[in-house]
Each structure stands twice: as structure tokens, then as C-alpha cells.
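Student: CSV, C-alpha atoms, file input37.csv:
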chain,number,residue,atom,x,y,z
A,1,MET,CA,-1.3,18.4,28.6
A,2,ILE,CA,-4.5,16.5,28.9
A,3,ASP,CA,-3.8,12.9,29.5
A,4,SER,CA,-7.2,11.6,28.5
A,5,ALA,CA,-6.8,12.6,24.9
A,6,SER,CA,-7.1,9.7,22.5
A,7,VAL,CA,-6.2,9.2,18.9
A,8,VAL,CA,-8.9,8.7,16.2
A,9,LYS,CA,-7.4,6.4,13.5
A,10,VAL,CA,-8.6,6.7,9.9
A,11,GLY,CA,-7.9,3.8,7.5
A,12,ILE,CA,-7.3,3.9,3.8
A,13,ALA,CA,-10.2,5.3,1.8
A,14,GLN,CA,-12.0,6.3,5.0
A,15,MET,CA,-12.8,9.5,6.8
A,16,ASP,CA,-13.6,10.6,10.3
A,17,VAL,CA,-14.0,13.7,12.5
A,18,VAL,CA,-12.4,14.6,15.8
A,19,LYS,CA,-12.9,17.1,18.6
A,20,ALA,CA,-10.2,18.6,20.8
A,21,PRO,CA,-8.3,17.4,22.8
A,22,ASN,CA,-8.3,14.3,20.8
A,23,THR,CA,-6.1,13.9,17.7
A,24,ILE,CA,-6.7,12.2,14.4
A,25,ARG,CA,-4.2,10.1,12.5
A,26,THR,CA,-3.8,8.1,9.4
A,27,SER,CA,-0.9,5.7,8.7
A,28,GLY,CA,1.2,4.7,5.7
A,29,LEU,CA,0.2,7.3,3.1
A,30,GLY,CA,2.0,6.6,-0.2
A,31,SER,CA,0.4,7.9,-3.3
A,32,CYS,CA,-2.7,8.5,-1.2
A,33,VAL,CA,-3.3,12.0,0.2
A,34,GLY,CA,-4.4,12.8,3.7
A,35,VAL,CA,-6.6,15.9,3.8
A,36,VAL,CA,-7.3,17.6,7.1
A,37,LEU,CA,-10.1,20.2,7.3
A,38,TYR,CA,-10.3,22.1,10.6
A,39,ASP,CA,-12.0,24.9,12.4
A,40,GLU,CA,-9.8,25.7,15.4
A,41,SER,CA,-12.4,28.1,17.0
A,42,LYS,CA,-14.9,25.2,17.2
A,43,GLY,CA,-12.2,22.6,18.0
A,44,VAL,CA,-13.3,20.3,15.3
A,45,ALA,CA,-11.3,18.6,12.5
A,46,GLY,CA,-11.9,16.0,9.8
A,47,LEU,CA,-9.5,13.8,8.1
A,48,ILE,CA,-9.9,11.9,4.8
A,49,HIS,CA,-7.5,9.3,3.4
A,50,VAL,CA,-8.0,9.9,-0.4
A,51,MET,CA,-6.9,7.1,-2.7
A,52,LEU,CA,-8.0,8.2,-6.2
A,53,PRO,CA,-8.5,11.6,-7.8
A,54,ASP,CA,-11.8,11.3,-9.4
A,55,SER,CA,-15.0,9.3,-8.9
A,56,GLN,CA,-15.3,9.0,-12.7
A,57,LEU,CA,-12.5,6.4,-12.3
A,58,GLY,CA,-14.9,4.3,-10.3
A,59,ARG,CA,-16.4,1.6,-12.4
A,60,THR,CA,-19.2,0.7,-10.1
A,61,ASP,CA,-22.5,2.3,-9.2
A,62,SER,CA,-22.2,2.3,-5.4
A,63,ILE,CA,-19.2,4.2,-4.4
A,64,ASN,CA,-17.3,4.8,-1.2
A,65,VAL,CA,-17.2,8.6,-1.2
A,66,ALA,CA,-14.1,8.8,1.0
A,67,LYS,CA,-12.0,7.0,-1.6
A,68,PHE,CA,-12.1,9.9,-4.1
A,69,ALA,CA,-10.9,13.5,-3.9
A,70,ASP,CA,-13.9,14.9,-5.8
A,71,THR,CA,-16.5,13.2,-3.6
A,72,GLY,CA,-14.6,12.9,-0.3
A,73,ILE,CA,-13.9,16.5,0.3
A,74,PRO,CA,-17.5,17.8,-0.1
A,75,ALA,CA,-18.7,14.8,2.0
A,76,MET,CA,-16.3,15.8,4.7
A,77,VAL,CA,-17.5,19.4,4.6
A,78,ASN,CA,-21.1,18.2,5.0
A,79,GLN,CA,-20.1,16.0,8.0
A,80,LEU,CA,-18.3,19.0,9.6
A,81,LYS,CA,-21.4,21.1,9.1
A,82,GLN,CA,-23.4,18.6,11.1
A,83,GLU,CA,-20.9,19.2,13.9
A,84,GLY,CA,-21.8,22.9,13.8
A,85,VAL,CA,-18.9,24.1,11.8
A,86,GLN,CA,-19.4,27.0,9.3
A,87,PRO,CA,-17.8,26.0,6.0
A,88,PHE,CA,-16.2,29.4,5.4
A,89,LYS,CA,-14.2,29.0,8.6
A,90,LEU,CA,-12.6,25.8,7.4
A,91,LYS,CA,-8.9,25.6,6.7
A,92,ALA,CA,-6.9,22.7,5.1
A,93,LYS,CA,-3.6,21.0,5.5
A,94,ILE,CA,-2.6,18.1,3.3
A,95,ALA,CA,0.2,15.5,3.0
A,96,GLY,CA,1.0,12.6,0.8
A,97,GLY,CA,0.9,12.0,-2.9
A,98,ALA,CA,4.3,10.4,-3.2
A,99,GLN,CA,5.7,8.5,-6.1
A,100,MET,CA,6.8,5.4,-4.2
A,101,PHE,CA,8.4,3.7,-7.2
A,102,GLN,CA,10.0,5.2,-10.3
A,103,PHE,CA,8.9,3.5,-13.5
A,104,THR,CA,9.3,4.5,-17.1
A,105,SER,CA,5.7,3.3,-17.8
A,106,SER,CA,3.4,5.7,-19.5
A,107,LYS,CA,0.5,4.1,-17.6
A,108,ASP,CA,-1.5,6.8,-15.8
A,109,SER,CA,-1.9,4.9,-12.6
A,110,MET,CA,1.9,5.1,-12.1
A,111,ARG,CA,1.7,8.8,-11.4
A,112,ILE,CA,-1.4,8.6,-9.2
A,113,GLY,CA,0.3,10.5,-6.4
A,114,PRO,CA,0.7,13.8,-8.2
A,115,ARG,CA,-2.8,13.4,-9.7
A,116,ASN,CA,-4.3,12.9,-6.3
A,117,VAL,CA,-2.6,16.1,-5.0
A,118,GLU,CA,-3.9,18.1,-8.0
A,119,ALA,CA,-7.4,16.8,-7.5
A,120,VAL,CA,-7.4,17.6,-3.8
A,121,LYS,CA,-6.2,21.2,-4.5
A,122,LEU,CA,-8.9,21.6,-7.2
A,123,GLN,CA,-11.6,20.6,-4.7
A,124,LEU,CA,-10.3,22.9,-2.0
A,125,LYS,CA,-10.3,25.8,-4.5
A,126,LYS,CA,-13.9,25.0,-5.6
A,127,LEU,CA,-15.0,25.0,-2.0
A,128,SER,CA,-12.9,28.1,-1.2
A,129,ILE,CA,-11.1,26.4,1.6
A,130,PRO,CA,-7.6,27.9,2.1
A,131,LEU,CA,-4.7,25.5,2.0
A,132,ILE,CA,-2.6,26.5,5.0
A,133,ALA,CA,0.2,24.0,4.6
A,134,GLU,CA,1.2,21.0,2.6
A,135,ASP,CA,3.9,18.3,2.5
A,136,THR,CA,3.3,16.5,-0.8
A,137,GLY,CA,5.2,14.6,-3.5
A,138,GLY,CA,8.6,13.1,-3.0
A,139,SER,CA,9.1,9.3,-2.7
A,140,SER,CA,8.5,8.7,1.0
A,141,GLY,CA,5.6,7.2,2.8
A,142,ARG,CA,4.0,9.3,5.5
A,143,THR,CA,2.1,8.8,8.7
A,144,ILE,CA,0.3,12.0,9.8
A,145,GLU,CA,-1.4,13.1,12.9
A,146,PHE,CA,-3.3,16.4,13.4
A,147,ASP,CA,-3.6,18.2,16.8
A,148,LEU,CA,-6.3,20.8,17.2
A,149,HIS,CA,-4.6,22.5,20.1
A,150,THR,CA,-1.6,23.5,18.0
A,151,THR,CA,-3.2,23.1,14.6
A,152,LYS,CA,0.0,21.4,13.6
A,153,LEU,CA,0.1,18.4,11.3
A,154,ASN,CA,2.8,16.0,12.5
A,155,ILE,CA,4.4,14.0,9.7
A,156,ARG,CA,6.5,10.9,10.3
A,157,THR,CA,8.5,9.2,7.6
A,158,VAL,CA,10.9,6.2,7.6
A,159,ASN,CA,13.8,7.9,5.8
A,160,GLN,CA,13.2,11.6,6.2
A,161,GLY,CA,12.6,12.0,9.9
A,162,VAL,CA,9.7,13.8,11.6
A,163,LYS,CA,8.3,17.3,11.0
A,164,ASP,CA,5.4,19.6,11.9
A,165,ILE,CA,3.6,21.7,9.3
B,1,MET,CA,-22.6,-7.8,-10.3
B,2,THR,CA,-19.0,-7.4,-9.6
B,3,PHE,CA,-16.2,-9.7,-10.5
B,4,HIS,CA,-15.9,-10.8,-6.9
B,5,ASP,CA,-19.4,-12.4,-7.0
B,6,LYS,CA,-18.3,-15.0,-9.5
B,7,ILE,CA,-15.4,-16.4,-7.5
B,8,THR,CA,-16.1,-19.9,-6.2
B,9,SER,CA,-14.1,-22.1,-3.8
B,10,LEU,CA,-12.7,-24.0,-6.9
B,11,HIS,CA,-11.4,-20.6,-8.1
B,12,LEU,CA,-9.8,-19.9,-4.8
B,13,ASP,CA,-8.1,-23.3,-4.9
B,14,VAL,CA,-6.7,-22.5,-8.3
B,15,LEU,CA,-5.3,-19.2,-7.0
B,16,LYS,CA,-3.8,-21.0,-4.0
B,17,GLU,CA,-2.0,-23.4,-6.4
B,18,ILE,CA,-0.6,-20.3,-8.2
B,19,GLY,CA,0.7,-19.0,-4.9
B,20,ASN,CA,2.1,-22.4,-4.0
B,21,ILE,CA,4.0,-23.0,-7.2
B,22,GLY,CA,5.2,-19.4,-7.5
B,23,ALA,CA,6.5,-19.1,-3.9
B,24,ALA,CA,8.0,-22.6,-3.9
B,25,HIS,CA,10.2,-21.7,-6.8
B,26,ALA,CA,11.1,-18.4,-5.3
B,27,ALA,CA,11.9,-20.1,-1.9
B,28,THR,CA,14.1,-22.6,-3.7
B,29,ALA,CA,16.0,-19.8,-5.4
B,30,LEU,CA,16.4,-17.9,-2.1
B,31,SER,CA,17.5,-21.0,-0.3
B,32,SER,CA,20.3,-21.7,-2.8
B,33,LEU,CA,21.3,-18.0,-2.9
B,34,LEU,CA,21.8,-17.8,0.9
B,35,ASN,CA,22.7,-21.5,1.4
B,36,THR,CA,20.1,-21.7,4.2
B,37,LYS,CA,16.8,-23.6,4.6
B,38,ILE,CA,13.7,-21.6,3.7
B,39,ASP,CA,10.3,-22.8,4.6
B,40,MET,CA,7.0,-21.7,3.3
B,41,ARG,CA,3.5,-21.9,4.6
B,42,VAL,CA,0.3,-22.9,2.7
B,43,PRO,CA,-0.8,-19.9,0.7
B,44,LYS,CA,-3.7,-17.9,1.8
B,45,VAL,CA,-6.1,-16.6,-0.7
B,46,GLU,CA,-8.8,-14.4,0.6
B,47,MET,CA,-10.9,-11.4,-0.2
B,48,VAL,CA,-10.0,-8.7,2.3
B,49,SER,CA,-10.8,-5.0,2.8
B,50,PHE,CA,-8.0,-2.5,2.1
B,51,ASN,CA,-7.5,-2.0,5.8
B,52,GLU,CA,-7.3,-5.8,6.4
B,53,MET,CA,-4.7,-5.8,3.7
B,54,MET,CA,-2.6,-3.4,5.8
B,55,GLU,CA,-2.6,-5.9,8.7
B,56,ARG,CA,-1.2,-8.6,6.5
B,57,GLY,CA,2.1,-6.7,6.4
B,58,GLY,CA,2.2,-5.9,10.1
B,59,GLY,CA,0.3,-2.6,9.9
B,60,ALA,CA,0.3,0.4,7.6
B,61,ASP,CA,3.3,2.1,9.2
B,62,GLN,CA,5.5,-0.9,9.6
B,63,ALA,CA,8.9,-0.3,8.0
B,64,VAL,CA,9.6,-2.9,5.4
B,65,ALA,CA,11.8,-3.6,2.4
B,66,GLY,CA,9.4,-3.9,-0.5
B,67,ILE,CA,10.0,-5.1,-4.0
B,68,TYR,CA,7.3,-4.2,-6.5
B,69,LEU,CA,6.8,-5.0,-10.1
B,70,ARG,CA,3.9,-4.8,-12.4
B,71,ILE,CA,2.9,-7.6,-14.6
B,72,GLU,CA,1.5,-7.0,-18.1
B,73,GLY,CA,0.5,-9.3,-20.8
B,74,ASP,CA,-2.3,-12.0,-20.7
B,75,ALA,CA,-2.6,-11.4,-17.0
B,76,LYS,CA,-2.1,-8.1,-15.3
B,77,GLY,CA,-1.5,-7.1,-11.7
B,78,GLY,CA,1.0,-6.2,-9.1
B,79,MET,CA,3.5,-8.5,-7.4
B,80,PHE,CA,5.1,-7.6,-4.1
B,81,PHE,CA,7.9,-9.2,-2.1
B,82,ILE,CA,7.8,-7.8,1.4
B,83,LEU,CA,10.4,-8.3,4.1
B,84,PRO,CA,10.4,-6.8,7.6
B,85,ILE,CA,13.5,-4.6,7.9
B,86,GLU,CA,15.1,-7.0,10.4
B,87,GLN,CA,14.9,-9.9,8.0
B,88,ALA,CA,16.0,-7.9,5.0
B,89,ASN,CA,19.1,-6.8,7.0
B,90,HIS,CA,19.8,-10.4,7.9
B,91,PHE,CA,19.5,-11.7,4.3
B,92,ILE,CA,21.6,-8.9,2.8
B,93,GLN,CA,24.3,-9.2,5.6
B,94,LYS,CA,24.6,-12.8,4.5
B,95,LEU,CA,24.6,-12.1,0.8
B,96,ILE,CA,27.2,-9.4,0.9
B,97,ARG,CA,29.1,-10.8,3.9
B,98,ASP,CA,28.9,-7.6,5.9
B,99,GLU,CA,27.4,-8.0,9.3
B,100,SER,CA,27.3,-4.2,9.9
B,101,PHE,CA,24.9,-3.6,7.0
B,102,ASP,CA,21.6,-2.0,8.0
B,103,PHE,CA,18.8,-0.5,5.9
B,104,ARG,CA,18.0,1.9,8.7
B,105,GLN,CA,21.3,3.7,8.2
B,106,THR,CA,21.2,6.6,5.9
B,107,PRO,CA,22.4,6.8,3.3
B,108,VAL,CA,21.9,3.0,2.8
B,109,SER,CA,25.1,1.4,1.4
B,110,GLU,CA,24.8,1.2,-2.4
B,111,LEU,CA,26.0,-2.4,-2.4
B,112,GLY,CA,23.4,-3.5,0.0
B,113,PHE,CA,20.6,-1.7,-1.8
B,114,SER,CA,21.5,-3.2,-5.1
B,115,ALA,CA,21.9,-6.6,-3.5
B,116,MET,CA,18.3,-6.3,-2.2
B,117,GLN,CA,17.2,-5.2,-5.7
B,118,GLU,CA,18.9,-8.2,-7.2
B,119,LEU,CA,17.4,-10.5,-4.6
B,120,GLY,CA,14.0,-9.2,-5.4
B,121,ASN,CA,14.7,-9.6,-9.1
B,122,ILE,CA,15.6,-13.2,-8.8
B,123,LEU,CA,12.7,-14.1,-6.4
B,124,SER,CA,10.0,-12.4,-8.3
B,125,GLY,CA,11.4,-13.7,-11.6
B,126,SER,CA,11.2,-17.3,-10.2
B,127,TYR,CA,7.7,-16.7,-8.9
B,128,LEU,CA,6.4,-15.3,-12.2
B,129,SER,CA,8.1,-17.8,-14.5
B,130,ALA,CA,6.5,-20.6,-12.5
B,131,LEU,CA,3.1,-18.8,-12.8
B,132,SER,CA,3.6,-18.4,-16.5
B,133,ASP,CA,4.6,-22.1,-17.0
B,134,PHE,CA,1.7,-23.3,-15.0
B,135,THR,CA,-0.9,-21.3,-16.8
B,136,SER,CA,0.8,-21.0,-20.2
B,137,LEU,CA,-0.1,-17.3,-20.1
B,138,LYS,CA,2.4,-14.8,-21.5
B,139,ILE,CA,3.3,-12.4,-18.8
B,140,TYR,CA,5.7,-9.5,-19.0
B,141,PRO,CA,7.1,-8.1,-15.7
B,142,THR,CA,8.3,-4.6,-15.4
B,143,PRO,CA,11.8,-4.3,-13.8
B,144,PRO,CA,11.3,-4.6,-10.1
B,145,ALA,CA,11.6,-1.5,-8.0
B,146,LEU,CA,12.8,-1.5,-4.3
B,147,SER,CA,11.5,0.8,-1.6
B,148,ILE,CA,12.5,0.9,2.0
B,149,ASP,CA,9.4,2.4,3.6
B,150,MET,CA,6.1,1.9,5.3
B,151,PHE,CA,4.1,-1.1,4.3
B,152,GLY,CA,0.9,0.8,3.7
B,153,ALA,CA,2.6,3.3,1.4
B,154,ILE,CA,4.1,0.5,-0.6
B,155,ILE,CA,1.2,-1.9,-0.9
B,156,SER,CA,-1.4,0.8,-1.6
B,157,PHE,CA,0.3,1.2,-5.0
B,158,GLY,CA,-1.0,-2.3,-5.8
B,159,LEU,CA,-4.5,-1.4,-4.7
B,160,ILE,CA,-5.0,1.4,-7.2
B,161,GLU,CA,-6.3,-0.7,-10.0
B,162,VAL,CA,-8.7,-2.8,-7.9
B,163,SER,CA,-9.9,0.3,-6.0
B,164,GLN,CA,-11.5,1.5,-9.2
B,165,VAL,CA,-14.0,-1.3,-9.0
B,166,SER,CA,-14.1,-2.4,-5.4
B,167,ASP,CA,-13.2,-1.8,-1.8
B,168,HIS,CA,-12.0,-5.3,-1.4
B,169,VAL,CA,-9.1,-7.2,-3.0
B,170,ILE,CA,-8.3,-10.8,-3.6
B,171,VAL,CA,-4.9,-11.4,-2.2
B,172,ILE,CA,-2.7,-14.4,-2.9
B,173,ASP,CA,-0.4,-14.3,0.1
B,174,THR,CA,2.5,-16.8,0.6
B,175,THR,CA,4.7,-16.6,3.6
B,176,ILE,CA,8.3,-17.7,3.7
B,177,TYR,CA,10.7,-17.8,6.6
B,178,GLU,CA,14.2,-19.0,7.4
B,179,GLU,CA,13.9,-22.4,9.1
B,180,ASN,CA,16.3,-21.7,11.9
B,181,MET,CA,14.7,-18.3,12.7
B,182,GLY,CA,11.2,-19.7,13.3
B,183,ASP,CA,8.0,-18.3,11.9
B,184,THR,CA,7.3,-15.1,13.7
B,185,GLU,CA,5.9,-11.8,12.5
B,186,THR,CA,9.3,-10.0,12.7
B,187,VAL,CA,11.1,-12.4,10.2
B,188,ARG,CA,8.3,-13.4,7.9
B,189,GLY,CA,8.5,-12.5,4.3
B,190,HIS,CA,5.5,-12.2,2.1
B,191,PHE,CA,4.8,-12.7,-1.6
B,192,PHE,CA,1.6,-10.8,-2.4
B,193,LEU,CA,0.1,-11.2,-5.8
B,194,LEU,CA,-2.7,-8.7,-6.5
B,195,LEU,CA,-4.3,-9.4,-9.9
B,196,ASP,CA,-6.2,-6.7,-11.7
B,197,PRO,CA,-10.0,-7.5,-11.6
B,198,ASP,CA,-10.1,-8.3,-15.3
B,199,SER,CA,-7.3,-10.8,-15.1
B,200,PHE,CA,-8.9,-13.4,-13.0
B,201,GLU,CA,-10.9,-14.6,-15.9
B,202,SER,CA,-7.9,-15.0,-18.1
B,203,ILE,CA,-6.2,-17.2,-15.5
B,204,PHE,CA,-9.3,-19.3,-14.9
B,205,ARG,CA,-9.9,-19.7,-18.6
B,206,ALA,CA,-6.2,-20.7,-19.2
B,207,LEU,CA,-6.6,-23.4,-16.5
B,208,GLY,CA,-10.0,-24.6,-17.7
B,209,VAL,CA,-12.1,-23.6,-14.7
B,210,SER,CA,-14.2,-20.8,-16.2
Using the file provided, produce a representation of the structure as C-alpha cells.

Tutor:
Amino acid sequence: MIDSASVVKVGIAQMDVVKAPNTIRTSGLGSCVGVVLYDESKGVAGLIHVMLPDSQLGRTDSINVAKFADTGIPAMVNQLKQEGVQPFKLKAKIAGGAQMFQFTSSKDSMRIGPRNVEAVKLQLKKLSIPLIAEDTGGSSGRTIEFDLHTTKLNIRTVNQGVKDI
Amino acid sequence: MTFHDKITSLHLDVLKEIGNIGAAHAATALSSLLNTKIDMRVPKVEMVSFNEMMERGGGADQAVAGIYLRIEGDAKGGMFFILPIEQANHFIQKLIRDESFDFRQTPVSELGFSAMQELGNILSGSYLSALSDFTSLKIYPTPPALSIDMFGAIISFGLIEVSQVSDHVIVIDTTIYEENMGDTETVRGHFFLLLDPDSFESIFRALGVS
């Protein structure tokens, strides 16, 4: 183990990249989806904390690209390209998209979790990035951390324990 | 121009008063339920980034008991009552007279879970009826839902509406605590009222400060 490894923390509606041996983490994913794109041969990974499926939902002109699945994932790919990653080598792991509360409301925002997951998968498909593993849906919050050495995504929950995917 | 640009300090004072009246009623209800003294702090009304919002509840992965309900009607938004697990345990132990009760045990005892739901029901009901009386606005709350989970996972649900127009949210935050426990992070309960962007105007108009 390398002791000097540090953790890059990504907030809600934000994104960042990390190089091995450092790890990258985002906390408290509910209906949001954490998307990890990585190239293990280069030792580079990016993480986005996606909040909404589609930037068409944004009702302002200036948008924060990391907030939306349809803008965040292409932006992340571009950022990784600048780190010297070739896009066709990228792989993805995703987690999140829970339904924290069960309501009988027909309002669309109530099922934002599943919609986020669908939108993320659509983007990955468009960009031909293979989805290696996912832990999505359910009704639990998740804190995730990605380690480039093992390419494992560690997922912590309050009620369902810890696992690696 | 976004809705945030139009908010003045007078508006913030009005929102503080809403937090004050709402939480005071809720604190009174809690106090008589538990037969203990409940104190509350002066409400904070601030525009914060989503990540600052996470710090308000002790961090995105802090385990909490969170009651959430959505309000519809003349004003729309999300209402949260958040208790750190320790404090939620303490209140429910008192309420159901069972000192061994613990939300961290799985499966959580059904009695304790529904007691917490009922507690949330009563408190959010008192908060919102005070808000409705004060503004004369008709508001219809959805039945409250309880989740024992990470604060970030819970509160982000209330940020979905506002996130469509902004990366900041105006939070009406009122803190309550049990008098004999002192006011520290581990026991502090929060009422968070997160109004939908379009609803501020309805409230200001109702109170004659448009």
C-alpha cells in the first residue's frame, strides 16, 4: 500500500479527475448518480455526481455541465482526453439513482432517481463506453469511492452495509 | 435575471419570520409530546450552494433520521425535519418508553419507526399550519415520509426543483434542541424549508412585501 495516497472529494453536481494511487469519492448519493469513467492502463479516472437527467430541464442560459447526465458525461470525456486518455479505452461504473421516499405522486421529479440512471446509460451508449458494473436503484443512500489500483468501486450505505463492484 | 437577484434583506426577514413561527409551533408540540423543554435558535435564512447545504446537516454522509414532505398549493416546496441518529433514538426511546430502541439496529422495530413517523407528522403539521395561518396561503402537504439514511441522500431530494434554475438554494433553517442536552451538533434537530423558486413571490405577495 502507498501511504501517501489521498482522496479527491467530489461534491454534488461537480466533477473531478484523479490519478493513481489517489482515490476519488463522492458522498451521500440519493437520487443522484455517481459516474466513474476510467482507463486503468493510464491510471486516470474521472467522477461526476449527476443530479438531473437532461440539461433541457435547466431553465437558465448558463449551466453547470456537471449537474446533468447529457452534458456532464461528454464534458468528463473531454477532460479525460486532456489527461492523455484515449476515449475508446474508457470504461464506466455507476452507482446511485435511489428512490429515497415512496410517494404516490405522479409528479415526475418524484422518480428522478430511475430517470437519472436511464439518462446516464443512454449517454454511455452514445459514447460507446462499456458499463462494467452498476449498483443502482433501491431506496438507500450511497457513498462511493473508486480505487484505480483495483478498479473497484467501493459502496457504503447506512442500512445495507458495504460492498465492492 | 434569476429569482435570487430580486431577494432583498426585507424578504429575508420575512422568510426568517416564517421559520420562526413555524418552528416555534413545532417545538411547542414536541415539548408537550415528550414532556421536556425544547429550545430553538433564531432561524437562519441564507442563500447557499448545494455543497454548503450538505454541511448544514453535518455532512453529506452523516446518518440521520429525515422526515420529508412536499407542499403543494399556493406555495410549493420541500419541508424536512432532520435529527441526528443519536437524538432521534433519544426522542423515540422516551416516546415509546423503551430505552433499548436504536435506529441502527436492523431491522428497526416497527413501533419505533412508526413513532418517528408520527413525530414527524405532528411536527411538520404544526410548522406548516403556522405557516399557512401567517400567510393566509392554502398549502397542502403530502403525507410525510421517513428515511433513516445519509443526510446528503435525503436533502438532495429537496434540491431537485431548485437545481433546474440555480446552483444555489435559499434555505430557511431553524435549529431545535433539548434544553438539558445543550446545543451541540450531535443533538441538534433542523427544520429545513426549501421553497420552489416560483413560490417566493406568492409568499411575499401574500404578506404585502412584493

Student: Using all atoms listed in the file for the distances, tell me which of A:Ala95, A:Ala69, A:Arg115, A:Arg156 is nearest to chain B.

Tutor: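 Using all atoms listed in the file, chain B sits closest to A:Arg156.
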
Student: Taking all atoms listed in the file into account, report as number ranges by chain which residues of chain A lie within 7 Å of chain B.

Tutor: A: 11-12, 27-31, 57-60, 100-101, 140-141, 143, 158

Student: List every protein, DNA or RNA residue that has at least one atom no more than 6 Å from (9.5, -4.6, 4.2) in the file's coordinates, counting all atoms listed in the file, and write the result as a PyMOL selection string.

Tutor: chain B and resi 63-66+82-85

Student: Taking 2 positions as the minimum chain separation for residues in the same chain, which residues sit within 12 Å of Leu10 of chain B when counting all atoms listed in the file? Answer as an NGL selection string.

Tutor: :B and (6-8 or 12-17 or 45 or 204 or 207-210)

Student: Where does segment 8-124 of chain A meet segment 132-138 of chain A within 6 Å, residue by residue, with the nearest atom pair and distance in Å to one decimal for each, counting all atoms listed in the file, listed by chain and rising number, as JSON lines?

Tutor:
{"residue": "A:Ala92", "atom": "CA", "partner": "A:Ile132", "partner_atom": "CA", "distance": 5.7}
{"residue": "A:Lys93", "atom": "CA", "partner": "A:Ala133", "partner_atom": "CA", "distance": 4.9}
{"residue": "A:Ile94", "atom": "CA", "partner": "A:Glu134", "partner_atom": "CA", "distance": 4.8}
{"residue": "A:Ala95", "atom": "CA", "partner": "A:Asp135", "partner_atom": "CA", "distance": 4.7}
{"residue": "A:Gly96", "atom": "CA", "partner": "A:Thr136", "partner_atom": "CA", "distance": 4.8}
{"residue": "A:Gly97", "atom": "CA", "partner": "A:Gly137", "partner_atom": "CA", "distance": 5.1}
{"residue": "A:Ala98", "atom": "CA", "partner": "A:Gly137", "partner_atom": "CA", "distance": 4.3}

Student: Please provide as a VMD selection string all residues within 9 Å of Lys89 of chain A, with the sequence filter that same-chain residues fewer than 2 positions apart are discarded (counting all atoms listed in the file).

Tutor: chain A and resid 38 to 41 85 to 87 91 129

Student: Of the candidates B:Lys76, B:His90, B:Lys138, B:Lys37, which one gets nearest to Met116 of chain B if we count only C-alpha atoms?

Tutor: B:His90

Student: When you draw a straight line from atom CA of Val162 of chain A to atom CA of Arg25 of chain A, how long is it in Å?

Tutor: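 Distance reported for this atom pair: 14.4 Å.
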
Student: Tell me which of B:Ile139, B:Ile38, B:Ile122, B:Ala24 sits closest to Asn180 of chain B, counting all atoms listed in the file.

Tutor: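 Nearest candidate to Asn180 of chain B out of B:Ile139, B:Ile38, B:Ile122, B:Ala24: B:Ile38.
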
Student: Go ahead and compute the interatomic distance for atom CA of Thr135 of chain B and atom CA of Leu119 of chain B, in Å to one decimal.

Tutor: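 Between atom CA of Thr135 of chain B and atom CA of Leu119 of chain B the gap works out to 24.5 Å.
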
Student: Just give me the gap between atom CA of Leu153 of chain A and atom CA of Val65 of chain A in Å, one decimal is fine.

Tutor: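 Going from atom CA of Leu153 of chain A over to atom CA of Val65 of chain A covers 23.5 Å.
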
Student: Name the closest residue to Ala75 of chain A among the candidates A:Leu148, A:Met15, A:Met51, A:Cys32; distances are taken between atoms, counting only C-alpha atoms.

Tutor: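 Residue with the minimum atom-to-atom distance to Ala75 of chain A: A:Met15.
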
Student: Do you know which residues lie at most 8 Å from (-10.5, 14.7, -7.3), with coordinates as in the file and only C-alpha atoms counted, and could you write them as a VMD selection string?

Tutor: chain A and resid 52 to 55 68 to 71 116 118 to 120 122 to 123

Student: Smallest atom-to-atom distance to Glu179 of chain B: which of B:Ile92, B:Ala75, B:Met40, B:Leu30, using all atoms listed in the file?

Tutor: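 Checking each candidate against Glu179 of chain B, we get B:Met40 as the closest.
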